[in-house]
Number of protein chains: 2
Amino acid sequence: MSKRLNIQCLMTGNEVMSGDTIDTNSAHIAQVLGANGLTIARRVTVNDDVNQLLFELSDMVRTADIVIMNGGLGPTIDDLTAEVLALLADEPLVIHPDAEAQLLAWCERRGQLPNEANLKQRLLPRSAEIIPNARGSAPGIDITVGDTRLFATPGVPSEMRDMMPLIIERIESQWGARAHANVMRLHTFGLGESNAQQLINNSGFDWPESVELGFRASAPTMEIKLTVADTKDLPEQQACADHIAALFGDHILGTGETSIGQSMVELLSERGMTLTTAESCTGGLIASLITQIPGSSKAFHAGFVTYDNAIKSSVLGVRQSDLDQYGAVSKTVVEQMALGALRASNADYAIAVSGIAGPDGGTIDKPLGRVWIAYGSSSDLRIIELTWPLPRVLFQTMVAAAALDLLRRHILELPPHCLYIQQRQNQPQKIDS
Amino acid sequence: MSKRLNIQCLMTGNEVMSGDTIDTNSAHIAQVLGANGLTIARRVTVNDDVNQLLFELSDMVRTADIVIMNGGLGPTIDDLTAEVLALLADEPLVIHPDAEAQLLAWCERRGQLPNEANLKQRLLPRSAEIIPNARGSAPGIDITVGDTRLFATPGVPSEMRDMMPLIIERIESQWGARAHANVMRLHTFGLGESNAQQLINNSGFDWPESVELGFRASAPTMEIKLTVADTKDLPEQQACADHIAALFGDHILGTGETSIGQSMVELLSERGMTLTTAESCTGGLIASLITQIPGSSKAFHAGFVTYDNAIKSSVLGVRQSDLDQYGAVSKTVVEQMALGALRASNADYAIAVSGIAGPDGGTIDKPLGRVWIAYGSSSDLRIIELTWPLPRVLFQTMVAAAALDLLRRHILELPPHCLYIQQRQNQPQKIDS
């Protein structure tokens, strides 16, 4: 195997340092490198300040084979990357013909003349090459200083993303391609990270050292990631995946990059079935999670956001007397909402939710976070009451995901009483055992 | 004014380095410090590796007054922070009574006995104090090494967030409170960063040096941030805000932390008016943006997601003959969708959208990204055709925001033909000039 490369990143930008911008570029750079068998040893983030940038770069070139910079290539006076790289390389800034040609082409596409600020973007350290920028005016910079190759990329995420494959090509052309890591991802719902880790620990499975186990929690789902560095370890990776499938089987939504909406669209499409939604407290979020997915129009024809009680009656046919007697957050109301949506849409399955998202509206009987969810078909409709005392938007997120997950379990004939339901359920249904 | 403090951050975690997790903790730490007049000089991110952590910390204590660490306090073998701080301070790890008491209380609240992994969390360098953790099992660590005070916080965002006010207190008690920066935020829609910067540059306004201008683009809105370090400069900050209001007036949704949904809910609530939605291509997203906002139930009673043509007819009364003749993405269909939703909901205003979100379904006549939007009341309904060729989810996001913005402009009697509409509009309406 080829030599392990020392790769360091230098991120620059006042808005990243102040926390006004969340740095998503770092993660993208790391993921692209990781997918190509390359890892980052160290990442430093500083303000747009010549002295500090030069200090960090001087330090990095002593140990790094590769430095990837991000930010500071724009047209304004805050953009210092070209200047700092010239100081580091002890070279003058000169008008670079490729940079100039790209800039003029960019201006021409936009039907404008280059202004003084843009013209600054032609200036590169003498020995630099450009990394072409298909979207913006700033070329990337590729320069070797001593034994270190430095790649400077723009802070604009889409422009940086376009450049990463070119940077990978140049790294591979200088150092050869690496063995790629083999990553397997399992998307789960209803499992916490610590629960999952504990269940794996307690399972007595002899986890092979060659398989790296990782978790990525991102409400409402969690990803379990199995990585092996070498293709010879793929059978062990598969053994781990099988073990996890046996442990968490019905919590697994799918493999690869998926989401709870996507797994529902796929499930419905495979079976040629359709879904409708009748939402009160989630206010359209369930419909939105479904319709984000390409091709969802086959599986989803109609959704109803019945926020007001009068609308629950007039649009979905919920009986006013039941609204008066039991309130909108009740078993009978979500049942009638679901049946009304099924009638109005002619769909095969419905999801109906009504709950108290807060911050106001909780009572002793019906506290904040209480929700009724109906799911299923007109001939087999299930209804459940849960309590999820969370801030409003997170409550909506978790309820929408749980509703989709409950329907998924119903369609797949999986047991509905998984861990998170047991924890959130107020009145467990009687189950014959 | 008190001495400027050199503050450095050390973030640790394999999942942050690999890009599996986007680091939002850095931004939060920076924002809390910034709100208290403190700035970060430098941030370093490394893997969970004893040698590397020790190397970076040894380097930091030479120049930093304060180091804030994040991550590595959990119960697993990957959690190295206490061990590394003990090495740095050249002290043994000892059972710390406060850490032990907190751990036992945490276990008791959860009705469980501490396991071996948890018991590791009692071990701190001898001279350390804990930073109490109200949510989790890991205490924060507060230790002084040489002239540097180090605060170690957990990687779990909610636990770190809880600790930040305590850390600010301890910093202020050692070094005194700083003059707080005074920040004014203006939320805009329909302006790009470069457009905004250019308009300000070209306006001939003599921008005062004491007011720092910042932009934070986060689709669909952009925040303009005006910061002054000293209260004596507040009049200049106000002068800049007034200038920006004059330049971008009708692009400004509001001040402070707001969103396009919130500004609509506030506008409707102030006037005692209600809104209904009839969504095709945005699939419930507009309703969801509204219902995310606390108190939206007063302004929003009903929304319809009519994804399928048959549903547009049966639920909203769109004429089948018009669907056949003009297609679902047409002026007459969004008009009928809006009027149907107004009838069904009895709302004052409606928004209706129908478009081609892709990735499939585009034609030469109706390309991907084409959308018709109707907005207004039954007596004054406006209809506009735009083209926004973007990936599916971003298209839905921008169309939802534009629809809300168009209605906002309509209600406030602002000109509808702002910059982004001019750029996206296919058939500009004839305007008498």
# chains A, B, ... in the order shown; residues from 1 in each chain; ligands from 1
$ calpha_fit_and_write --fixed "chain B" --moving "chain A" --output "tab-separated table (two decimals) with C-alpha atoms, in the first residue's frame"
chain	number	residue	atom	x	y	z
A	1	MET	CA	-11.26	48.54	28.64
A	2	SER	CA	-9.93	45.27	29.95
A	3	LYS	CA	-7.16	43.31	28.27
A	4	ARG	CA	-8.03	41.45	25.09
A	5	LEU	CA	-8.03	37.74	25.89
A	6	ASN	CA	-6.43	35.15	23.64
A	7	ILE	CA	-9.01	32.37	23.40
A	8	GLN	CA	-8.35	29.18	21.47
A	9	CYS	CA	-10.60	26.18	20.86
A	10	LEU	CA	-9.63	22.54	20.56
A	11	MET	CA	-12.33	20.36	19.06
A	12	THR	CA	-11.88	16.60	19.21
A	13	GLY	CA	-13.73	13.70	17.64
A	14	ASN	CA	-13.17	11.17	14.87
A	15	GLU	CA	-16.68	11.74	13.52
A	16	VAL	CA	-16.04	15.47	13.16
A	17	MET	CA	-12.69	14.88	11.45
A	18	SER	CA	-14.15	12.34	9.02
A	19	GLY	CA	-16.97	14.69	8.09
A	20	ASP	CA	-19.61	12.23	9.31
A	21	THR	CA	-20.75	14.93	11.71
A	22	ILE	CA	-20.96	18.59	10.80
A	23	ASP	CA	-19.44	20.57	13.64
A	24	THR	CA	-22.15	22.91	14.88
A	25	ASN	CA	-20.65	23.19	18.38
A	26	SER	CA	-17.85	25.47	17.17
A	27	ALA	CA	-20.34	28.00	15.88
A	28	HIS	CA	-22.36	27.92	19.09
A	29	ILE	CA	-19.30	28.40	21.29
A	30	ALA	CA	-18.17	31.30	19.09
A	31	GLN	CA	-21.61	32.93	19.21
A	32	VAL	CA	-21.90	32.73	22.99
A	33	LEU	CA	-18.41	34.15	23.41
A	34	GLY	CA	-19.12	36.85	20.81
A	35	ALA	CA	-22.32	37.89	22.57
A	36	ASN	CA	-20.18	38.47	25.66
A	37	GLY	CA	-17.52	40.53	23.91
A	38	LEU	CA	-15.06	37.64	23.57
A	39	THR	CA	-13.50	36.44	20.31
A	40	ILE	CA	-11.74	33.22	19.34
A	41	ALA	CA	-8.24	33.65	17.95
A	42	ARG	CA	-7.75	30.15	16.61
A	43	ARG	CA	-9.52	26.81	16.43
A	44	VAL	CA	-7.89	23.42	15.96
A	45	THR	CA	-9.73	20.17	15.26
A	46	VAL	CA	-8.08	16.76	15.70
A	47	ASN	CA	-8.90	13.09	16.04
A	48	ASP	CA	-9.31	11.30	19.37
A	49	ASP	CA	-5.59	10.64	19.78
A	50	VAL	CA	-3.66	11.20	23.00
A	51	ASN	CA	-0.40	12.30	21.41
A	52	GLN	CA	-2.02	14.72	19.03
A	53	LEU	CA	-4.27	16.23	21.70
A	54	LEU	CA	-1.30	16.68	24.02
A	55	PHE	CA	0.78	18.22	21.23
A	56	GLU	CA	-1.92	20.77	20.37
A	57	LEU	CA	-2.65	21.64	24.01
A	58	SER	CA	1.04	22.09	24.83
A	59	ASP	CA	1.22	24.48	21.91
A	60	MET	CA	-1.93	26.35	22.94
A	61	VAL	CA	-0.99	26.95	26.58
A	62	ARG	CA	2.08	28.88	25.39
A	63	THR	CA	-0.07	31.65	23.90
A	64	ALA	CA	-3.66	31.30	25.07
A	65	ASP	CA	-5.26	32.83	28.13
A	66	ILE	CA	-8.21	30.51	27.72
A	67	VAL	CA	-8.63	27.17	25.95
A	68	ILE	CA	-12.09	25.76	25.36
A	69	MET	CA	-12.09	22.07	24.54
A	70	ASN	CA	-15.08	20.21	23.15
A	71	GLY	CA	-15.58	16.45	22.98
A	72	GLY	CA	-13.91	13.45	24.53
A	73	LEU	CA	-15.69	13.45	27.90
A	74	GLY	CA	-17.92	10.45	27.35
A	75	PRO	CA	-17.64	7.05	29.02
A	76	THR	CA	-15.93	5.11	26.21
A	77	ILE	CA	-12.26	4.37	25.61
A	78	ASP	CA	-12.22	6.95	22.83
A	79	ASP	CA	-12.87	9.68	25.38
A	80	LEU	CA	-9.43	10.97	26.29
A	81	THR	CA	-9.88	14.51	27.54
A	82	ALA	CA	-9.44	13.92	31.28
A	83	GLU	CA	-6.38	11.76	30.65
A	84	VAL	CA	-4.78	14.32	28.34
A	85	LEU	CA	-5.43	17.19	30.74
A	86	ALA	CA	-3.78	15.17	33.54
A	87	LEU	CA	-0.73	14.64	31.34
A	88	LEU	CA	-0.66	18.33	30.42
A	89	ALA	CA	-0.91	19.41	34.07
A	90	ASP	CA	1.47	16.64	35.17
A	91	GLU	CA	-1.03	15.48	37.77
A	92	PRO	CA	-2.56	12.09	38.53
A	93	LEU	CA	-6.17	11.29	37.72
A	94	VAL	CA	-8.07	10.99	41.00
A	95	ILE	CA	-11.66	10.26	41.97
A	96	HIS	CA	-13.18	13.71	42.20
A	97	PRO	CA	-15.92	13.96	44.86
A	98	ASP	CA	-18.07	16.48	42.94
A	99	ALA	CA	-17.81	14.40	39.77
A	100	GLU	CA	-18.73	11.28	41.70
A	101	ALA	CA	-21.69	12.94	43.37
A	102	GLN	CA	-22.99	14.22	40.05
A	103	LEU	CA	-22.56	10.83	38.40
A	104	LEU	CA	-24.38	8.98	41.18
A	105	ALA	CA	-27.22	11.52	41.07
A	106	TRP	CA	-27.48	11.10	37.31
A	107	CYS	CA	-27.63	7.30	37.60
A	108	GLU	CA	-30.24	7.56	40.35
A	109	ARG	CA	-32.46	9.84	38.23
A	110	ARG	CA	-32.36	7.17	35.54
A	111	GLY	CA	-32.94	4.39	38.02
A	112	GLN	CA	-29.76	2.56	37.13
A	113	LEU	CA	-26.51	1.58	38.81
A	114	PRO	CA	-23.33	3.17	37.46
A	115	ASN	CA	-21.44	0.79	35.19
A	116	GLU	CA	-17.70	0.60	34.81
A	117	ALA	CA	-17.71	2.96	31.84
A	118	ASN	CA	-19.60	5.61	33.81
A	119	LEU	CA	-17.28	5.26	36.80
A	120	LYS	CA	-14.39	6.39	34.56
A	121	GLN	CA	-16.17	9.75	34.41
A	122	ARG	CA	-15.40	10.37	38.11
A	123	LEU	CA	-11.68	10.54	37.34
A	124	LEU	CA	-10.29	14.06	36.91
A	125	PRO	CA	-6.82	15.64	37.17
A	126	ARG	CA	-6.19	16.42	40.86
A	127	SER	CA	-6.43	20.22	40.68
A	128	ALA	CA	-9.48	20.29	38.38
A	129	GLU	CA	-12.92	21.58	39.25
A	130	ILE	CA	-16.02	20.27	37.58
A	131	ILE	CA	-18.43	22.23	35.42
A	132	PRO	CA	-21.82	20.77	36.38
A	133	ASN	CA	-23.72	18.90	33.68
A	134	ALA	CA	-27.48	19.09	34.18
A	135	ARG	CA	-28.30	16.68	31.37
A	136	GLY	CA	-25.65	14.02	30.99
A	137	SER	CA	-23.26	11.87	32.93
A	138	ALA	CA	-20.03	13.65	31.93
A	139	PRO	CA	-18.94	16.61	34.07
A	140	GLY	CA	-17.13	19.45	32.34
A	141	ILE	CA	-13.56	20.10	33.47
A	142	ASP	CA	-12.10	23.43	34.57
A	143	ILE	CA	-8.34	23.46	35.19
A	144	THR	CA	-5.54	26.01	35.15
A	145	VAL	CA	-2.19	24.99	33.69
A	146	GLY	CA	0.52	27.63	33.93
A	147	ASP	CA	-1.17	30.89	32.96
A	148	THR	CA	-3.87	29.24	30.89
A	149	ARG	CA	-7.34	28.30	32.06
A	150	LEU	CA	-8.81	25.32	30.23
A	151	PHE	CA	-12.50	24.45	30.05
A	152	ALA	CA	-13.43	21.03	28.67
A	153	THR	CA	-17.01	20.62	27.49
A	154	PRO	CA	-18.94	17.54	26.25
A	155	GLY	CA	-19.45	16.90	22.55
A	156	VAL	CA	-23.22	16.43	23.04
A	157	PRO	CA	-24.54	19.80	21.84
A	158	SER	CA	-27.26	20.27	24.48
A	159	GLU	CA	-24.83	19.49	27.32
A	160	MET	CA	-22.18	21.85	25.92
A	161	ARG	CA	-24.80	24.59	25.47
A	162	ASP	CA	-25.90	24.30	29.09
A	163	MET	CA	-22.30	24.75	30.25
A	164	MET	CA	-21.44	27.84	28.22
A	165	PRO	CA	-23.16	30.36	30.54
A	166	LEU	CA	-21.25	28.85	33.49
A	167	ILE	CA	-17.99	29.19	31.58
A	168	ILE	CA	-18.76	32.81	30.74
A	169	GLU	CA	-19.42	33.45	34.46
A	170	ARG	CA	-16.07	31.96	35.42
A	171	ILE	CA	-14.22	33.92	32.74
A	172	GLU	CA	-15.88	37.15	33.88
A	173	SER	CA	-15.14	36.37	37.50
A	174	GLN	CA	-11.42	35.95	36.70
A	175	TRP	CA	-10.92	38.64	34.06
A	176	GLY	CA	-13.94	40.93	34.41
A	177	ALA	CA	-16.81	41.40	32.00
A	178	ARG	CA	-16.03	42.68	28.52
A	179	ALA	CA	-17.80	45.43	26.65
A	180	HIS	CA	-20.45	43.53	24.75
A	181	ALA	CA	-20.69	43.86	21.02
A	182	ASN	CA	-23.94	45.41	19.90
A	183	VAL	CA	-25.36	43.45	17.03
A	184	MET	CA	-28.29	44.44	14.86
A	185	ARG	CA	-29.68	41.86	12.43
A	186	LEU	CA	-31.89	42.53	9.42
A	187	HIS	CA	-33.44	39.52	7.69
A	188	THR	CA	-33.93	39.88	3.96
A	189	PHE	CA	-35.38	37.81	1.15
A	190	GLY	CA	-34.62	38.09	-2.54
A	191	LEU	CA	-31.15	39.64	-2.30
A	192	GLY	CA	-27.88	37.86	-3.01
A	193	GLU	CA	-24.79	38.69	-0.95
A	194	SER	CA	-22.85	40.12	-3.88
A	195	ASN	CA	-25.85	42.13	-5.07
A	196	ALA	CA	-26.34	43.55	-1.62
A	197	GLN	CA	-22.66	44.42	-1.22
A	198	GLN	CA	-22.60	46.08	-4.65
A	199	LEU	CA	-25.72	48.11	-3.97
A	200	ILE	CA	-24.21	49.34	-0.71
A	201	ASN	CA	-20.89	50.17	-2.43
A	202	ASN	CA	-22.62	52.02	-5.24
A	203	SER	CA	-24.92	53.96	-2.93
A	204	GLY	CA	-22.21	56.50	-2.16
A	205	PHE	CA	-22.89	56.20	1.57
A	206	ASP	CA	-19.84	56.99	3.68
A	207	TRP	CA	-19.76	53.82	5.75
A	208	PRO	CA	-18.41	54.48	9.26
A	209	GLU	CA	-15.39	52.44	10.32
A	210	SER	CA	-16.94	51.65	13.69
A	211	VAL	CA	-19.76	49.60	12.14
A	212	GLU	CA	-18.84	46.12	10.94
A	213	LEU	CA	-21.00	44.89	8.07
A	214	GLY	CA	-21.59	41.16	7.70
A	215	PHE	CA	-23.78	38.91	5.59
A	216	ARG	CA	-25.06	35.44	6.35
A	217	ALA	CA	-26.75	33.74	3.44
A	218	SER	CA	-28.91	30.78	4.43
A	219	ALA	CA	-31.40	29.77	1.75
A	220	PRO	CA	-34.00	31.10	1.41
A	221	THR	CA	-33.16	34.22	3.42
A	222	MET	CA	-30.08	36.37	4.01
A	223	GLU	CA	-29.15	38.15	7.20
A	224	ILE	CA	-27.40	41.52	7.20
A	225	LYS	CA	-25.51	42.03	10.45
A	226	LEU	CA	-24.33	45.38	11.80
A	227	THR	CA	-21.93	45.15	14.72
A	228	VAL	CA	-20.43	47.91	16.85
A	229	ALA	CA	-17.97	47.15	19.64
A	230	ASP	CA	-18.85	50.12	21.79
A	231	THR	CA	-22.18	51.59	22.88
A	232	LYS	CA	-20.92	55.07	21.93
A	233	ASP	CA	-21.17	53.93	18.29
A	234	LEU	CA	-24.84	52.96	18.51
A	235	PRO	CA	-25.97	56.13	16.66
A	236	GLU	CA	-23.69	55.22	13.75
A	237	GLN	CA	-25.09	51.69	13.77
A	238	GLN	CA	-28.58	53.13	13.57
A	239	ALA	CA	-27.54	55.41	10.70
A	240	CYS	CA	-26.26	52.38	8.79
A	241	ALA	CA	-29.48	50.47	9.53
A	242	ASP	CA	-31.51	53.41	8.26
A	243	HIS	CA	-29.40	53.57	5.12
A	244	ILE	CA	-29.85	49.86	4.49
A	245	ALA	CA	-33.57	50.15	5.13
A	246	ALA	CA	-33.76	52.89	2.52
A	247	LEU	CA	-31.75	50.81	0.03
A	248	PHE	CA	-33.40	47.40	0.58
A	249	GLY	CA	-36.58	48.44	2.35
A	250	ASP	CA	-39.07	46.04	0.87
A	251	HIS	CA	-36.61	43.13	0.95
A	252	ILE	CA	-36.39	43.33	4.72
A	253	LEU	CA	-38.57	40.78	6.50
A	254	GLY	CA	-37.78	41.95	9.99
A	255	THR	CA	-35.10	42.51	12.59
A	256	GLY	CA	-33.62	40.12	15.14
A	257	GLU	CA	-34.01	36.38	14.78
A	258	THR	CA	-36.89	35.92	12.35
A	259	SER	CA	-37.86	33.75	9.42
A	260	ILE	CA	-40.08	34.10	6.41
A	261	GLY	CA	-42.74	31.98	8.14
A	262	GLN	CA	-42.58	34.03	11.30
A	263	SER	CA	-42.86	37.35	9.50
A	264	MET	CA	-46.00	36.05	7.74
A	265	VAL	CA	-47.58	34.80	10.98
A	266	GLU	CA	-46.86	38.15	12.63
A	267	LEU	CA	-48.25	40.11	9.70
A	268	LEU	CA	-51.48	38.07	9.63
A	269	SER	CA	-51.89	38.07	13.41
A	270	GLU	CA	-51.47	41.84	13.65
A	271	ARG	CA	-54.30	42.26	11.17
A	272	GLY	CA	-56.48	39.44	12.45
A	273	MET	CA	-56.37	37.78	9.04
A	274	THR	CA	-56.03	34.12	8.06
A	275	LEU	CA	-54.19	32.27	5.29
A	276	THR	CA	-54.84	28.99	3.52
A	277	THR	CA	-52.54	27.07	1.19
A	278	ALA	CA	-53.15	24.90	-1.86
A	279	GLU	CA	-49.86	23.21	-2.69
A	280	SER	CA	-48.84	20.97	-5.49
A	281	CYS	CA	-45.06	21.06	-6.13
A	282	THR	CA	-44.15	22.35	-2.65
A	283	GLY	CA	-46.09	19.42	-1.15
A	284	GLY	CA	-46.93	20.85	2.28
A	285	LEU	CA	-43.73	22.85	2.82
A	286	ILE	CA	-45.49	26.24	2.88
A	287	ALA	CA	-47.97	24.98	5.49
A	288	SER	CA	-45.07	23.52	7.45
A	289	LEU	CA	-43.09	26.80	7.40
A	290	ILE	CA	-46.15	28.54	8.83
A	291	THR	CA	-47.08	25.94	11.42
A	292	GLN	CA	-43.52	25.76	12.78
A	293	ILE	CA	-44.20	29.14	14.31
A	294	PRO	CA	-45.70	29.26	17.82
A	295	GLY	CA	-49.13	30.86	17.75
A	296	SER	CA	-49.66	30.16	14.03
A	297	SER	CA	-53.01	28.50	14.73
A	298	LYS	CA	-54.66	31.94	14.89
A	299	ALA	CA	-53.52	32.82	11.37
A	300	PHE	CA	-53.63	29.43	9.69
A	301	HIS	CA	-56.59	27.06	9.83
A	302	ALA	CA	-56.32	24.84	6.79
A	303	GLY	CA	-53.92	23.74	4.08
A	304	PHE	CA	-54.36	21.41	1.13
A	305	VAL	CA	-51.69	19.31	-0.53
A	306	THR	CA	-53.26	18.46	-3.87
A	307	TYR	CA	-50.50	16.52	-5.52
A	308	ASP	CA	-52.68	14.59	-7.92
A	309	ASN	CA	-54.91	16.17	-10.58
A	310	ALA	CA	-57.98	14.23	-9.49
A	311	ILE	CA	-57.54	15.66	-5.98
A	312	LYS	CA	-57.22	19.18	-7.37
A	313	SER	CA	-60.70	18.63	-8.84
A	314	SER	CA	-62.39	16.73	-6.05
A	315	VAL	CA	-61.01	18.72	-3.11
A	316	LEU	CA	-60.51	22.20	-4.59
A	317	GLY	CA	-62.98	22.18	-7.46
A	318	VAL	CA	-60.46	22.71	-10.27
A	319	ARG	CA	-62.27	22.03	-13.57
A	320	GLN	CA	-61.18	18.75	-15.16
A	321	SER	CA	-61.51	20.34	-18.59
A	322	ASP	CA	-58.95	23.01	-17.67
A	323	LEU	CA	-56.58	20.39	-16.29
A	324	ASP	CA	-56.91	18.53	-19.59
A	325	GLN	CA	-56.52	21.61	-21.75
A	326	TYR	CA	-53.88	23.64	-19.88
A	327	GLY	CA	-52.22	21.08	-17.62
A	328	ALA	CA	-51.71	21.28	-13.86
A	329	VAL	CA	-48.88	23.81	-14.20
A	330	SER	CA	-50.93	26.67	-15.58
A	331	LYS	CA	-52.40	30.01	-14.70
A	332	THR	CA	-56.00	28.88	-14.63
A	333	VAL	CA	-55.27	25.85	-12.46
A	334	VAL	CA	-53.42	27.78	-9.71
A	335	GLU	CA	-56.18	30.38	-9.84
A	336	GLN	CA	-58.85	27.71	-9.27
A	337	MET	CA	-56.72	26.03	-6.59
A	338	ALA	CA	-56.48	29.30	-4.67
A	339	LEU	CA	-60.19	30.06	-5.01
A	340	GLY	CA	-61.08	26.49	-4.04
A	341	ALA	CA	-58.90	26.67	-0.92
A	342	LEU	CA	-60.46	30.02	0.02
A	343	ARG	CA	-63.96	28.52	-0.32
A	344	ALA	CA	-63.11	25.38	1.65
A	345	SER	CA	-61.29	27.22	4.46
A	346	ASN	CA	-63.08	30.55	4.64
A	347	ALA	CA	-59.63	32.17	4.96
A	348	ASP	CA	-58.88	35.76	3.97
A	349	TYR	CA	-55.81	35.01	1.86
A	350	ALA	CA	-54.65	32.04	-0.16
A	351	ILE	CA	-51.39	30.88	-1.67
A	352	ALA	CA	-51.54	28.26	-4.44
A	353	VAL	CA	-48.54	26.78	-6.24
A	354	SER	CA	-48.15	24.29	-9.06
A	355	GLY	CA	-44.85	23.61	-10.75
A	356	ILE	CA	-42.30	21.12	-11.97
A	357	ALA	CA	-39.92	20.19	-9.17
A	358	GLY	CA	-38.15	17.47	-11.08
A	359	PRO	CA	-35.97	15.58	-11.55
A	360	ASP	CA	-38.45	14.25	-14.14
A	361	GLY	CA	-41.46	15.83	-15.80
A	362	GLY	CA	-39.93	18.78	-17.64
A	363	THR	CA	-40.87	19.50	-21.25
A	364	ILE	CA	-39.83	22.14	-23.77
A	365	ASP	CA	-42.95	24.17	-23.05
A	366	LYS	CA	-42.81	23.60	-19.30
A	367	PRO	CA	-39.19	23.05	-18.28
A	368	LEU	CA	-37.95	21.89	-14.90
A	369	GLY	CA	-38.23	24.71	-12.40
A	370	ARG	CA	-41.33	26.29	-13.98
A	371	VAL	CA	-43.93	27.27	-11.40
A	372	TRP	CA	-47.20	29.20	-11.26
A	373	ILE	CA	-48.00	30.97	-8.01
A	374	ALA	CA	-51.35	32.52	-7.08
A	375	TYR	CA	-51.58	34.73	-3.99
A	376	GLY	CA	-54.04	37.18	-2.52
A	377	SER	CA	-57.69	37.27	-1.60
A	378	SER	CA	-60.73	36.13	-3.57
A	379	SER	CA	-61.42	39.71	-4.62
A	380	ASP	CA	-57.80	40.50	-5.50
A	381	LEU	CA	-55.89	37.42	-6.58
A	382	ARG	CA	-52.51	37.85	-8.30
A	383	ILE	CA	-50.87	35.20	-10.44
A	384	ILE	CA	-47.27	34.96	-11.54
A	385	GLU	CA	-45.16	32.52	-13.53
A	386	LEU	CA	-41.52	32.00	-12.53
A	387	THR	CA	-38.71	29.65	-13.50
A	388	TRP	CA	-36.23	28.45	-10.91
A	389	PRO	CA	-34.17	25.59	-12.31
A	390	LEU	CA	-32.78	24.17	-9.07
A	391	PRO	CA	-32.46	20.71	-7.52
A	392	ARG	CA	-35.79	19.44	-6.20
A	393	VAL	CA	-35.55	20.30	-2.50
A	394	LEU	CA	-33.94	23.69	-3.12
A	395	PHE	CA	-36.60	24.46	-5.74
A	396	GLN	CA	-39.30	23.65	-3.19
A	397	THR	CA	-37.56	25.82	-0.58
A	398	MET	CA	-37.21	28.83	-2.85
A	399	VAL	CA	-40.73	28.57	-4.28
A	400	ALA	CA	-42.27	28.27	-0.80
A	401	ALA	CA	-40.33	31.34	0.36
A	402	ALA	CA	-41.12	33.33	-2.77
A	403	ALA	CA	-44.83	32.55	-2.44
A	404	LEU	CA	-44.83	33.78	1.16
A	405	ASP	CA	-42.82	36.84	0.14
A	406	LEU	CA	-45.18	37.68	-2.72
A	407	LEU	CA	-48.15	37.55	-0.38
A	408	ARG	CA	-46.26	39.67	2.17
A	409	ARG	CA	-45.62	42.30	-0.54
A	410	HIS	CA	-49.25	42.12	-1.58
A	411	ILE	CA	-50.60	42.60	1.95
A	412	LEU	CA	-48.16	45.45	2.62
A	413	GLU	CA	-48.94	46.97	-0.79
A	414	LEU	CA	-45.26	46.84	-1.76
A	415	PRO	CA	-44.24	46.64	-5.42
A	416	PRO	CA	-44.25	42.98	-6.46
A	417	HIS	CA	-41.58	43.39	-9.13
A	418	CYS	CA	-38.50	43.23	-6.98
A	419	LEU	CA	-35.15	41.98	-8.21
A	420	TYR	CA	-35.57	38.23	-7.85
A	421	ILE	CA	-38.98	38.29	-9.46
A	422	GLN	CA	-37.64	40.21	-12.43
A	423	GLN	CA	-34.87	37.65	-12.82
A	424	ARG	CA	-37.17	34.64	-12.57
A	425	GLN	CA	-40.22	35.87	-14.41
A	426	ASN	CA	-40.92	34.47	-17.84
A	427	GLN	CA	-43.65	36.75	-19.04
A	428	PRO	CA	-43.43	40.05	-17.24
A	429	GLN	CA	-46.87	41.46	-16.74
A	430	LYS	CA	-47.52	44.63	-18.63
A	431	ILE	CA	-47.06	47.55	-16.30
A	432	ASP	CA	-48.26	51.01	-17.19
A	433	SER	CA	-45.42	53.43	-16.73
$ select_by_dssp --residues "range 131-364 of chain B" --states "strand (DSSP E)" --output "ChimeraX atom specification"
/B:131,140-145,148-153,182-189,212-218,221-228,252-255,275-279,300-306,349-355
$ select_by_dssp --residues "range 75-281 of chain B" --states "helix (DSSP H, G or I)" --output "VMD selection string"
chain B and resid 81 to 89 97 to 109 116 to 122 157 to 175 193 to 202 231 to 251 260 to 271
